[in-house]
file coords05.csv (CSV, C-alpha atoms)
chain,number,residue,atom,x,y,z
A,1017,MET,CA,-61.4,-121.0,114.8
A,1018,SER,CA,-61.0,-124.6,116.0
A,1019,ALA,CA,-61.8,-127.5,113.7
A,1020,PRO,CA,-65.3,-129.1,114.3
A,1021,GLU,CA,-65.3,-132.0,116.7
A,1022,ARG,CA,-65.3,-135.4,115.1
A,1023,ILE,CA,-67.8,-137.9,116.4
A,1024,LEU,CA,-67.3,-141.7,116.5
A,1025,GLN,CA,-70.3,-144.0,115.9
A,1026,VAL,CA,-69.9,-146.8,118.5
A,1027,ASP,CA,-72.1,-149.8,118.3
A,1028,ILE,CA,-71.9,-151.8,121.6
A,1029,ARG,CA,-73.5,-155.2,122.2
A,1030,ARG,CA,-75.8,-154.9,125.2
A,1031,GLY,CA,-77.5,-157.5,127.3
A,1032,GLY,CA,-76.6,-161.1,128.0
A,1033,GLU,CA,-76.3,-164.1,125.6
A,1034,ALA,CA,-79.3,-162.8,123.7
A,1035,GLY,CA,-78.3,-159.2,123.4
A,1036,ASP,CA,-78.4,-156.6,120.6
A,1037,TYR,CA,-76.3,-153.6,119.5
A,1038,GLU,CA,-76.9,-150.1,120.8
A,1039,ARG,CA,-75.3,-147.0,119.1
A,1040,PHE,CA,-73.5,-144.3,121.0
A,1041,GLU,CA,-71.8,-141.1,119.7
A,1042,VAL,CA,-68.5,-140.4,121.3
A,1043,PRO,CA,-66.2,-137.4,120.6
A,1044,GLU,CA,-63.0,-138.4,118.9
A,1045,ARG,CA,-59.8,-137.5,120.7
A,1046,GLU,CA,-56.1,-137.7,119.9
A,1047,ASN,CA,-54.3,-140.9,121.2
A,1048,GLN,CA,-57.7,-142.2,122.3
A,1049,THR,CA,-57.8,-145.9,123.1
A,1050,VAL,CA,-60.9,-148.2,122.7
A,1051,LEU,CA,-61.0,-148.5,126.5
A,1052,ASP,CA,-61.1,-144.7,126.7
A,1053,VAL,CA,-64.2,-144.8,124.4
A,1054,VAL,CA,-66.0,-147.4,126.5
A,1055,THR,CA,-65.1,-145.4,129.7
A,1056,TYR,CA,-66.5,-142.2,128.2
A,1057,ILE,CA,-69.8,-144.0,127.3
A,1058,GLN,CA,-70.1,-145.3,130.9
A,1059,ARG,CA,-69.3,-142.0,132.5
A,1060,HIS,CA,-71.2,-139.6,130.2
A,1061,LEU,CA,-73.8,-141.5,128.3
A,1062,ASP,CA,-75.0,-144.7,130.0
A,1063,ALA,CA,-73.8,-145.5,133.6
A,1064,ALA,CA,-75.3,-149.0,133.3
A,1065,LEU,CA,-72.8,-150.1,130.7
A,1066,ALA,CA,-70.9,-153.2,132.0
A,1067,TYR,CA,-67.3,-153.7,131.1
A,1068,ARG,CA,-64.1,-154.9,132.8
A,1069,PHE,CA,-60.8,-153.2,133.2
A,1070,SER,CA,-58.1,-152.7,135.8
A,1071,CYS,CA,-54.6,-151.5,135.0
A,1072,ARG,CA,-55.2,-149.6,131.7
A,1073,VAL,CA,-51.5,-150.2,130.7
A,1074,GLY,CA,-51.5,-153.7,129.2
A,1075,VAL,CA,-50.5,-155.7,132.2
A,1076,CYS,CA,-53.6,-157.1,133.9
A,1077,GLY,CA,-55.3,-158.6,130.8
A,1078,SER,CA,-58.8,-157.8,132.0
A,1079,CYS,CA,-60.1,-155.4,129.3
A,1080,ALA,CA,-60.1,-157.7,126.2
A,1081,MET,CA,-63.1,-157.3,123.9
A,1082,THR,CA,-64.1,-157.9,120.3
A,1083,VAL,CA,-63.3,-154.7,118.4
A,1084,ASN,CA,-64.6,-154.6,114.8
A,1085,GLY,CA,-64.8,-158.4,114.8
A,1086,ARG,CA,-61.3,-159.0,116.2
A,1087,PRO,CA,-60.3,-159.8,119.8
A,1088,ARG,CA,-58.0,-157.2,121.2
A,1089,TRP,CA,-56.8,-155.7,124.4
A,1090,THR,CA,-58.6,-152.4,124.4
A,1091,CYS,CA,-56.4,-150.4,126.8
A,1092,ARG,CA,-53.5,-150.6,124.3
A,1093,THR,CA,-55.5,-150.4,121.1
A,1094,HIS,CA,-55.7,-146.9,119.7
A,1095,VAL,CA,-58.9,-146.0,118.0
A,1096,ALA,CA,-57.1,-144.4,115.1
A,1097,ARG,CA,-55.6,-147.8,114.3
A,1098,VAL,CA,-58.9,-149.8,114.2
A,1099,VAL,CA,-61.7,-147.3,113.4
A,1100,ARG,CA,-63.4,-147.9,110.0
A,1101,GLY,CA,-65.3,-145.0,108.4
A,1102,GLY,CA,-65.7,-143.3,111.8
A,1103,LYS,CA,-67.3,-146.5,113.3
A,1104,LEU,CA,-66.4,-148.9,116.0
A,1105,THR,CA,-68.3,-152.1,116.8
A,1106,LEU,CA,-67.6,-153.6,120.3
A,1107,ALA,CA,-68.7,-156.9,121.6
A,1108,PRO,CA,-67.7,-159.3,124.4
A,1109,LEU,CA,-64.9,-161.8,123.8
A,1110,ALA,CA,-66.1,-164.8,121.8
A,1111,ASN,CA,-66.0,-168.4,123.0
A,1112,LEU,CA,-66.9,-167.4,126.6
A,1113,PRO,CA,-70.4,-167.1,128.3
A,1114,VAL,CA,-71.6,-163.5,128.4
A,1115,ILE,CA,-72.6,-162.1,131.8
A,1116,ARG,CA,-73.8,-158.7,130.6
A,1117,ASP,CA,-72.8,-156.2,127.9
A,1118,LEU,CA,-69.0,-156.4,127.4
A,1119,VAL,CA,-68.3,-158.7,130.4
A,1120,THR,CA,-67.7,-162.4,129.9
A,1121,ASP,CA,-67.6,-165.1,132.5
A,1122,MET,CA,-63.9,-166.1,132.6
A,1123,THR,CA,-64.6,-169.2,134.8
A,1124,PRO,CA,-64.4,-171.8,131.9
A,1125,PHE,CA,-61.1,-170.1,130.8
A,1126,PHE,CA,-59.4,-170.5,134.1
A,1127,GLU,CA,-60.9,-173.9,134.7
A,1128,LYS,CA,-59.0,-175.0,131.6
A,1129,TRP,CA,-55.8,-173.6,133.1
A,1130,GLN,CA,-56.4,-175.9,136.1
A,1131,ALA,CA,-57.3,-178.8,133.9
A,1132,ALA,CA,-54.0,-178.4,131.9
A,1133,ARG,CA,-52.2,-178.5,135.2
A,1134,GLY,CA,-50.4,-175.3,134.6
A,1135,ARG,CA,-49.3,-174.8,138.1
A,1136,PHE,CA,-46.1,-175.7,140.0
A,1137,VAL,CA,-46.0,-179.0,141.9
A,1138,PRO,CA,-43.0,-179.2,144.2
A,1139,GLY,CA,-40.6,-182.2,144.1
A,1140,ASP,CA,-39.5,-184.5,146.9
A,1141,GLY,CA,-36.1,-182.7,147.5
A,1142,PRO,CA,-35.3,-181.5,151.0
A,1143,ARG,CA,-36.5,-178.0,151.9
A,1144,GLY,CA,-33.9,-175.3,151.3
A,1145,GLU,CA,-32.2,-177.2,148.6
A,1146,MET,CA,-32.0,-174.8,145.6
A,1147,ALA,CA,-32.3,-176.1,142.1
A,1148,ALA,CA,-29.5,-174.6,139.9
A,1149,VAL,CA,-31.1,-173.5,136.7
A,1150,SER,CA,-28.8,-171.6,134.3
A,1151,PRO,CA,-30.4,-168.6,132.5
A,1152,GLY,CA,-29.1,-170.0,129.2
A,1153,ASP,CA,-30.6,-173.5,129.8
A,1154,LYS,CA,-32.7,-174.6,126.8
A,1155,GLN,CA,-35.7,-175.4,128.9
A,1156,ARG,CA,-35.4,-172.3,131.0
A,1157,MET,CA,-35.4,-170.2,127.8
A,1158,ALA,CA,-38.5,-172.1,126.5
A,1159,ALA,CA,-40.3,-171.4,129.8
A,1160,SER,CA,-39.3,-167.7,129.4
A,1161,ASP,CA,-40.8,-167.5,125.9
A,1162,ALA,CA,-44.1,-168.8,127.2
A,1163,ILE,CA,-44.4,-167.3,130.6
A,1164,GLU,CA,-45.3,-163.6,129.9
A,1165,CYS,CA,-49.0,-164.5,129.3
A,1166,ILE,CA,-51.3,-161.8,130.8
A,1167,ASN,CA,-54.4,-164.1,130.8
A,1168,CYS,CA,-56.4,-161.8,128.7
A,1169,GLY,CA,-58.3,-164.5,126.8
A,1170,VAL,CA,-57.7,-163.0,123.4
A,1171,CYS,CA,-56.1,-166.2,122.0
A,1172,HIS,CA,-59.0,-168.3,123.5
A,1173,ALA,CA,-61.5,-166.0,121.7
A,1174,ALA,CA,-59.5,-166.1,118.4
A,1175,CYS,CA,-59.2,-169.9,118.3
A,1176,ASP,CA,-61.5,-171.8,115.9
A,1177,VAL,CA,-60.9,-175.1,117.6
A,1178,VAL,CA,-62.1,-173.6,120.9
A,1179,SER,CA,-65.3,-172.6,119.1
A,1180,TRP,CA,-65.7,-176.1,117.7
A,1181,ARG,CA,-64.9,-178.2,120.8
A,1182,GLU,CA,-66.1,-177.3,124.2
A,1183,ASP,CA,-63.6,-179.7,125.8
A,1184,TYR,CA,-60.5,-178.2,124.0
A,1185,LEU,CA,-58.2,-176.8,126.6
A,1186,GLY,CA,-57.3,-173.9,124.4
A,1187,PRO,CA,-54.1,-172.0,123.6
A,1188,ALA,CA,-53.7,-170.0,126.8
A,1189,ALA,CA,-54.0,-173.1,129.1
A,1190,LEU,CA,-51.7,-175.2,126.9
A,1191,ASN,CA,-49.2,-172.4,126.7
A,1192,ARG,CA,-49.1,-172.2,130.4
A,1193,ALA,CA,-48.7,-176.0,130.7
A,1194,TRP,CA,-45.7,-175.7,128.3
A,1195,ALA,CA,-44.1,-173.1,130.6
A,1196,ALA,CA,-44.8,-175.3,133.6
A,1197,TRP,CA,-43.4,-178.4,131.9
A,1198,ASN,CA,-40.2,-176.6,131.1
A,1199,ASP,CA,-39.6,-175.8,134.8
A,1200,VAL,CA,-37.2,-178.6,135.7
A,1201,ARG,CA,-37.9,-178.1,139.4
A,1202,ASP,CA,-41.5,-179.4,138.9
A,1203,GLY,CA,-42.0,-182.7,140.8
A,1204,ASP,CA,-44.5,-184.2,138.3
A,1205,ARG,CA,-43.8,-183.1,134.8
A,1206,ASN,CA,-45.3,-186.3,133.3
A,1207,GLY,CA,-48.5,-185.3,135.2
A,1208,ILE,CA,-48.6,-182.2,133.0
A,1209,LEU,CA,-48.2,-184.3,129.9
A,1210,ARG,CA,-51.0,-186.6,131.1
A,1211,ALA,CA,-53.3,-183.6,131.7
A,1212,VAL,CA,-52.6,-182.1,128.2
A,1213,THR,CA,-53.1,-185.4,126.4
A,1214,SER,CA,-56.5,-186.4,127.9
A,1215,GLY,CA,-59.7,-185.4,126.1
A,1216,GLY,CA,-59.5,-182.1,124.2
A,1217,GLY,CA,-55.7,-181.7,124.9
A,1218,CYS,CA,-52.8,-180.4,122.8
A,1219,HIS,CA,-53.3,-182.9,119.9
A,1220,THR,CA,-56.7,-181.2,119.2
A,1221,CYS,CA,-54.9,-178.1,118.0
A,1222,HIS,CA,-55.0,-177.6,114.2
A,1223,THR,CA,-52.0,-175.3,114.1
A,1224,HIS,CA,-54.1,-172.5,112.6
A,1225,GLN,CA,-51.9,-170.0,114.5
A,1226,SER,CA,-54.7,-167.6,115.2
A,1227,CYS,CA,-53.5,-167.5,118.8
A,1228,ALA,CA,-50.0,-166.3,117.8
A,1229,GLU,CA,-51.6,-163.9,115.3
A,1230,HIS,CA,-53.8,-162.2,117.9
A,1231,CYS,CA,-51.7,-162.4,121.1
A,1232,PRO,CA,-51.2,-158.8,122.2
A,1233,VAL,CA,-47.9,-159.6,123.9
A,1234,SER,CA,-46.6,-161.5,120.9
A,1235,LEU,CA,-46.4,-164.9,122.5
A,1236,ASN,CA,-46.7,-168.0,120.3
A,1237,PRO,CA,-49.0,-170.5,121.9
A,1238,THR,CA,-48.9,-172.6,118.7
A,1239,PHE,CA,-45.2,-173.2,119.2
A,1240,SER,CA,-45.8,-174.2,122.9
A,1241,ILE,CA,-48.6,-176.6,121.8
A,1242,ALA,CA,-46.2,-178.1,119.2
A,1243,GLY,CA,-43.7,-178.7,122.1
A,1244,LEU,CA,-46.4,-180.4,124.2
A,1245,LYS,CA,-47.3,-182.6,121.2
A,1246,ARG,CA,-43.7,-183.6,120.7
A,1247,GLU,CA,-42.9,-184.2,124.4
A,1248,SER,CA,-46.1,-186.2,125.1
A,1249,LEU,CA,-45.4,-188.4,122.1
A,1250,LYS,CA,-41.9,-189.1,123.3
A,1251,ALA,CA,-43.2,-189.8,126.8
A,1252,LYS,CA,-45.8,-192.2,125.4
A,1253,LEU,CA,-43.2,-194.1,123.4
A,1254,ARG,CA,-41.0,-194.4,126.5
A,1255,GLY,CA,-44.1,-195.8,128.3
A,1256,GLU,CA,-44.3,-192.9,130.8
A,1257,LEU,CA,-47.8,-192.0,129.9
A,1258,LYS,CA,-50.6,-194.4,130.9
B,594,MET,CA,-56.7,-187.2,119.3
B,595,THR,CA,-54.3,-189.3,121.4
B,596,PRO,CA,-50.5,-189.0,121.1
B,597,LEU,CA,-50.5,-192.3,119.1
B,598,SER,CA,-53.2,-191.3,116.6
B,599,TYR,CA,-51.5,-187.9,116.2
B,600,ALA,CA,-48.2,-189.8,115.4
B,601,LEU,CA,-50.1,-192.0,112.9
B,602,GLN,CA,-51.8,-189.0,111.3
B,603,ARG,CA,-48.4,-187.2,110.8
B,604,GLY,CA,-46.5,-190.4,109.9
B,605,THR,CA,-49.0,-191.4,107.2
B,606,ALA,CA,-49.0,-187.8,105.8
B,607,MET,CA,-45.2,-187.9,105.6
B,608,LEU,CA,-45.4,-191.3,103.9
B,609,MET,CA,-48.1,-190.3,101.4
B,610,ALA,CA,-46.3,-187.1,100.3
B,611,PRO,CA,-43.7,-188.9,98.2
B,612,LEU,CA,-46.1,-191.7,97.2
B,613,ILE,CA,-48.6,-189.1,95.7
B,614,VAL,CA,-45.8,-187.3,93.8
B,615,ILE,CA,-44.6,-190.6,92.3
B,616,HIS,CA,-48.1,-191.7,91.6
B,617,LEU,CA,-49.0,-188.5,89.7
B,618,ALA,CA,-45.6,-188.3,87.9
B,619,VAL,CA,-45.9,-191.9,86.7
B,620,ILE,CA,-49.4,-191.3,85.4
B,621,ILE,CA,-48.4,-188.1,83.5
B,622,TRP,CA,-45.3,-189.8,82.1
B,623,ALA,CA,-46.9,-193.1,81.2
B,624,VAL,CA,-49.9,-191.7,79.3
B,625,GLN,CA,-47.8,-189.5,77.0
B,626,GLY,CA,-48.1,-191.9,74.0
B,627,GLY,CA,-51.5,-193.3,74.9
B,628,LEU,CA,-52.1,-196.2,77.3
B,629,SER,CA,-54.7,-198.9,77.4
B,630,ALA,CA,-55.9,-200.9,80.4
B,631,GLU,CA,-54.2,-204.0,79.0
B,632,GLU,CA,-50.9,-202.2,78.8
B,633,ILE,CA,-51.2,-201.0,82.4
B,634,LEU,CA,-52.1,-204.4,83.7
B,635,SER,CA,-49.2,-206.0,81.7
B,636,ARG,CA,-46.8,-203.7,83.7
B,637,THR,CA,-48.5,-204.1,87.1
B,638,ARG,CA,-49.4,-207.8,87.1
B,639,GLY,CA,-46.8,-209.8,89.1
B,640,SER,CA,-44.9,-206.7,90.0
B,641,LEU,CA,-43.8,-206.9,93.6
B,642,PRO,CA,-42.6,-203.2,93.7
B,643,TRP,CA,-45.9,-201.9,92.4
B,644,GLY,CA,-47.7,-204.2,94.9
B,645,VAL,CA,-45.7,-202.9,97.8
B,646,PHE,CA,-46.0,-199.3,96.5
B,647,TYR,CA,-49.8,-199.3,96.3
B,648,GLY,CA,-50.2,-201.6,99.3
B,649,LEU,CA,-48.5,-198.9,101.4
B,650,PHE,CA,-50.4,-196.1,99.7
B,651,VAL,CA,-53.8,-197.7,100.4
B,652,LEU,CA,-52.9,-198.5,104.0
B,653,ALA,CA,-51.5,-195.0,104.7
B,654,SER,CA,-54.5,-193.2,103.1
B,655,ALA,CA,-57.0,-195.4,104.9
B,656,ILE,CA,-55.4,-194.6,108.3
B,657,HIS,CA,-55.0,-190.9,107.5
B,658,ALA,CA,-58.6,-190.5,106.2
B,659,GLY,CA,-60.1,-192.5,109.1
B,660,ILE,CA,-58.3,-190.4,111.8
B,661,GLY,CA,-59.1,-187.2,109.9
B,662,VAL,CA,-62.8,-188.0,109.6
B,663,GLN,CA,-62.9,-188.9,113.3
B,664,THR,CA,-61.6,-185.4,114.1
B,665,ILE,CA,-64.0,-183.7,111.7
B,666,LEU,CA,-67.0,-185.6,113.2
B,667,ARG,CA,-66.0,-184.6,116.7
B,668,GLU,CA,-65.6,-180.9,115.8
B,669,TRP,CA,-68.5,-180.4,113.4
B,670,THR,CA,-71.3,-182.8,114.6
B,671,PRO,CA,-72.9,-183.5,117.9
B,672,LEU,CA,-71.3,-187.0,117.9
B,673,GLY,CA,-69.3,-187.8,121.0
B,674,ARG,CA,-65.8,-189.3,121.4
B,675,LEU,CA,-66.8,-193.0,121.2
B,676,ALA,CA,-69.2,-192.6,118.2
B,677,SER,CA,-66.7,-190.5,116.2
B,678,ALA,CA,-63.9,-193.0,117.0
B,679,ASN,CA,-66.1,-196.0,115.9
B,680,ILE,CA,-67.0,-194.4,112.6
B,681,GLY,CA,-63.4,-193.3,112.0
B,682,HIS,CA,-62.0,-196.8,112.8
B,683,GLY,CA,-64.8,-198.4,110.7
B,684,LEU,CA,-63.8,-196.1,107.8
B,685,ILE,CA,-60.1,-197.2,108.1
B,686,VAL,CA,-61.2,-200.8,107.7
B,687,VAL,CA,-63.6,-200.1,104.8
B,688,LEU,CA,-61.1,-197.9,102.9
B,689,TRP,CA,-58.3,-200.4,103.4
B,690,ALA,CA,-60.5,-203.3,102.3
B,691,LEU,CA,-61.6,-201.5,99.1
B,692,GLY,CA,-58.0,-200.3,98.3
B,693,ALA,CA,-56.5,-203.7,99.1
B,694,ARG,CA,-59.0,-205.3,96.7
B,695,ALA,CA,-58.0,-202.9,94.0
B,696,VAL,CA,-54.3,-203.5,94.6
B,697,TYR,CA,-54.9,-207.3,94.5
B,698,ALA,CA,-56.8,-206.9,91.2
B,699,VAL,CA,-54.1,-205.0,89.3
B,700,VAL,CA,-51.1,-206.8,90.8
B,701,TRP,CA,-51.9,-210.4,91.6
B,702,ALA,CA,-55.3,-211.4,90.1
call {"tool": "encode", "arguments": {"input": "coords05.csv", "output": "structure tokens"}}
result
Amino acid sequence: MSAPERILQVDIRRGGEAGDYERFEVPERENQTVLDVVTYIQRHLDAALAYRFSCRVGVCGSCAMTVNGRPRWTCRTHVARVVRGGKLTLAPLANLPVIRDLVTDMTPFFEKWQAARGRFVPGDGPRGEMAAVSPGDKQRMAASDAIECINCGVCHAACDVVSWREDYLGPAALNRAWAAWNDVRDGDRNGILRAVTSGGGCHTCHTHQSCAEHCPVSLNPTFSIAGLKRESLKAKLRGELK
Amino acid sequence: MTPLSYALQRGTAMLMAPLIVIHLAVIIWAVQGGLSAEEILSRTRGSLPWGVFYGLFVLASAIHAGIGVQTILREWTPLGRLASANIGHGLIVVLWALGARAVYAVVWA
């Protein structure tokens, strides 16, 4: 005789900004992820449930949600690790506008990436001239430490300062800016420092380290932000930042 | 916070750390056998080292508190950048003036 099927009680926040929780009952499975649970609900219980996912293997960064009060990537989060008394509570990521159910509008998140100038700007060198960057170069290694961000928004949702100040660029954008600044091929590295020191820039960070604590790929945006604080101060003292 | 106010905030914190330790240690040490206001003033009046010590202490704490309050106002109230900065800068002046008056009273008055 097989053991009786165990049932998970799953509370999901439904609706837009002014939503409320709705309970679903989902059969518990071995090695089940939180994303599996949400997918089960949409396929078997309520086809109207809105959520976002793509790769299901921790690469695309699109399935992040608030799981039992904590922002997480749901495709790599096993239910067994986070379930409390047979219950799961799922909500959209904090610090972002809610479109519907578990889907947030990521526009402000990516606008901040642009505002932090986290993109490559070519220099004036002749075309075809290759910059020689050693793999062991200090700045190359600093860029490597910061560059594996999957844009999931977990750090942005976990950051207290983002929740306090709308203009704060946030850990993901600043981490990206630090990776870009460490690219010695960039043609306007002081432009990055200008971008991250205006308004709610890197000096707004309180070094709470929630970003590093929650990052699913174990990056340390706080460390990157500390680097931006240090380098922008040096540039300011050299008179390179207006 | 600008790079310069960040540097001032960190710099004043670094300066205050030893000053606070010395301030507390001297209080604890000096009051062991009982200490009157007259005895305190007899040691501080005309003392350049204590004047410099507390003059720096007052300046560092005024700057540190002003910048900190400016940040808190920006994060916890609807006040904008300019209003928060004005209140923070005003606080620096007020705290410095009150502290400098106290230093003057115990060292030079």
call {"tool": "interface_residues", "arguments": {"input": "coords05.csv", "of": "chain B", "to": "chain A", "cutoff": "6 Å", "atoms": "all atoms listed in the file", "output": "ChimeraX atom specification"}}
result
/B:594,596,668
call {"tool": "residues_around", "arguments": {"input": "coords05.csv", "residues": "B:Leu649", "least_positions_apart": "6", "cutoff": "12 Å", "atoms": "all atoms listed in the file", "output": "PyMOL selection string"}}
result
chain B and resi 605-606+608-609+611-613+642-643+655-657+689+692-693+696
call {"tool": "write_last_selection", "arguments": {"input": "coords05.csv", "atoms": "C-alpha atoms", "output": "compact mmCIF listing (two decimals), keeping the file's coordinate frame"}}
result
# COMPACT_ATOMS: atom_id res chain seq x y z
CA THR B 605 -49.00 -191.40 107.20
CA ALA B 606 -49.00 -187.80 105.80
CA LEU B 608 -45.40 -191.30 103.90
CA MET B 609 -48.10 -190.30 101.40
CA PRO B 611 -43.70 -188.90 98.20
CA LEU B 612 -46.10 -191.70 97.20
CA ILE B 613 -48.60 -189.10 95.70
CA PRO B 642 -42.60 -203.20 93.70
CA TRP B 643 -45.90 -201.90 92.40
CA ALA B 655 -57.00 -195.40 104.90
CA ILE B 656 -55.40 -194.60 108.30
CA HIS B 657 -55.00 -190.90 107.50
CA TRP B 689 -58.30 -200.40 103.40
CA GLY B 692 -58.00 -200.30 98.30
CA ALA B 693 -56.50 -203.70 99.10
CA VAL B 696 -54.30 -203.50 94.60
call {"tool": "atom_distance", "arguments": {"input": "coords05.csv", "atom1": "atom CA of A:Asp1199", "atom2": "atom CA of A:His1224"}}
result
26.7 Å
call {"tool": "residues_near_point", "arguments": {"input": "coords05.csv", "point": "(-37.8, -175.9, 138.3)", "cutoff": "12 Å", "atoms": "all atoms listed in the file", "output": "VMD selection string"}}
result
chain A and resid 1135 to 1139 1141 1145 to 1151 1153 1155 to 1156 1159 1195 to 1205
call {"tool": "write_last_selection", "arguments": {"input": "coords05.csv", "atoms": "C-alpha atoms", "output": "mmCIF file, in the coordinates of the input"}}
result
data_model
loop_
_atom_site.group_PDB
_atom_site.id
_atom_site.type_symbol
_atom_site.label_atom_id
_atom_site.label_comp_id
_atom_site.auth_asym_id
_atom_site.auth_seq_id
_atom_site.Cartn_x
_atom_site.Cartn_y
_atom_site.Cartn_z
ATOM 1 C CA ARG A 1135 -49.300 -174.800 138.100
ATOM 2 C CA PHE A 1136 -46.100 -175.700 140.000
ATOM 3 C CA VAL A 1137 -46.000 -179.000 141.900
ATOM 4 C CA PRO A 1138 -43.000 -179.200 144.200
ATOM 5 C CA GLY A 1139 -40.600 -182.200 144.100
ATOM 6 C CA GLY A 1141 -36.100 -182.700 147.500
ATOM 7 C CA GLU A 1145 -32.200 -177.200 148.600
ATOM 8 C CA MET A 1146 -32.000 -174.800 145.600
ATOM 9 C CA ALA A 1147 -32.300 -176.100 142.100
ATOM 10 C CA ALA A 1148 -29.500 -174.600 139.900
ATOM 11 C CA VAL A 1149 -31.100 -173.500 136.700
ATOM 12 C CA SER A 1150 -28.800 -171.600 134.300
ATOM 13 C CA PRO A 1151 -30.400 -168.600 132.500
ATOM 14 C CA ASP A 1153 -30.600 -173.500 129.800
ATOM 15 C CA GLN A 1155 -35.700 -175.400 128.900
ATOM 16 C CA ARG A 1156 -35.400 -172.300 131.000
ATOM 17 C CA ALA A 1159 -40.300 -171.400 129.800
ATOM 18 C CA ALA A 1195 -44.100 -173.100 130.600
ATOM 19 C CA ALA A 1196 -44.800 -175.300 133.600
ATOM 20 C CA TRP A 1197 -43.400 -178.400 131.900
ATOM 21 C CA ASN A 1198 -40.200 -176.600 131.100
ATOM 22 C CA ASP A 1199 -39.600 -175.800 134.800
ATOM 23 C CA VAL A 1200 -37.200 -178.600 135.700
ATOM 24 C CA ARG A 1201 -37.900 -178.100 139.400
ATOM 25 C CA ASP A 1202 -41.500 -179.400 138.900
ATOM 26 C CA GLY A 1203 -42.000 -182.700 140.800
ATOM 27 C CA ASP A 1204 -44.500 -184.200 138.300
ATOM 28 C CA ARG A 1205 -43.800 -183.100 134.800
#
call {"tool": "residues_around", "arguments": {"input": "coords05.csv", "residues": "B:Gln602", "least_positions_apart": "5", "cutoff": "9 Å", "atoms": "all atoms listed in the file", "output": "ChimeraX atom specification"}}
result
/B:597,607,653,656-658,660-661
call {"tool": "residues_around", "arguments": {"input": "coords05.csv", "residues": "A:Ala1034", "least_positions_apart": "6", "cutoff": "12 Å", "atoms": "all atoms listed in the file", "output": "VMD selection string"}}
result
chain A and resid 1113 to 1117
call {"tool": "atom_distance", "arguments": {"input": "coords05.csv", "atom1": "atom CA of A:Gly1243", "atom2": "atom CA of A:Met1157"}}
result
13.2 Å
call {"tool": "atom_distance", "arguments": {"input": "coords05.csv", "atom1": "atom CA of A:Val1119", "atom2": "atom CA of A:Tyr1067"}}
result
5.1 Å
call {"tool": "closest_residue", "arguments": {"input": "coords05.csv", "among": "B:Leu684, B:Ala678, B:Leu641, B:Val662", "to": "B:Val699", "atoms": "all atoms listed in the file"}}
result
B:Leu641
call {"tool": "closest_residue", "arguments": {"input": "coords05.csv", "among": "B:Gln663, B:Ser629, B:Ser635, B:Thr595", "to": "B:Ser677", "atoms": "all atoms listed in the file"}}
result
B:Gln663
call {"tool": "residues_around", "arguments": {"input": "coords05.csv", "residues": "A:Val1050", "least_positions_apart": "3", "cutoff": "10 Å", "atoms": "only C-alpha atoms", "output": "MDAnalysis selection string"}}
result
chainID A and resid 1047 1053:1056 1079 1081 1083 1088:1099 1104 1106
call {"tool": "closest_residue", "arguments": {"input": "coords05.csv", "among": "B:Ile621, B:Tyr599, B:Gly626, B:Ser640", "to": "B:Trp701", "atoms": "all atoms listed in the file"}}
result
B:Ser640
call {"tool": "build_atoms", "arguments": {"input": "coords05.csv", "residues": "stretch 673-683 of chain B", "atoms": "N, CA and C atoms", "output": "short mmCIF file (atom, residue, chain, number, x, y, z; two decimals), keeping the file's coordinate frame"}}
result
data_model
loop_
_atom_site.label_atom_id
_atom_site.label_comp_id
_atom_site.auth_asym_id
_atom_site.auth_seq_id
_atom_site.Cartn_x
_atom_site.Cartn_y
_atom_site.Cartn_z
N GLY B 673 -70.24 -187.84 119.97
CA GLY B 673 -69.30 -187.80 121.00
C GLY B 673 -67.98 -188.57 120.64
N ARG B 674 -67.09 -188.73 121.62
CA ARG B 674 -65.80 -189.30 121.40
C ARG B 674 -65.89 -190.75 120.83
N LEU B 675 -66.72 -191.57 121.51
CA LEU B 675 -66.80 -193.00 121.20
C LEU B 675 -67.42 -193.18 119.78
N ALA B 676 -68.53 -192.48 119.51
CA ALA B 676 -69.20 -192.60 118.20
C ALA B 676 -68.28 -192.17 117.08
N SER B 677 -67.60 -191.04 117.27
CA SER B 677 -66.70 -190.50 116.20
C SER B 677 -65.56 -191.54 116.01
N ALA B 678 -65.02 -192.09 117.11
CA ALA B 678 -63.90 -193.00 117.00
C ALA B 678 -64.38 -194.30 116.27
N ASN B 679 -65.57 -194.78 116.59
CA ASN B 679 -66.10 -196.00 115.90
C ASN B 679 -66.24 -195.79 114.44
N ILE B 680 -66.80 -194.64 114.06
CA ILE B 680 -67.00 -194.40 112.60
C ILE B 680 -65.63 -194.22 111.94
N GLY B 681 -64.71 -193.50 112.59
CA GLY B 681 -63.40 -193.30 112.00
C GLY B 681 -62.65 -194.64 111.85
N HIS B 682 -62.72 -195.51 112.87
CA HIS B 682 -62.00 -196.80 112.80
C HIS B 682 -62.71 -197.69 111.72
N GLY B 683 -64.04 -197.59 111.68
CA GLY B 683 -64.80 -198.40 110.70
C GLY B 683 -64.35 -197.92 109.25
#
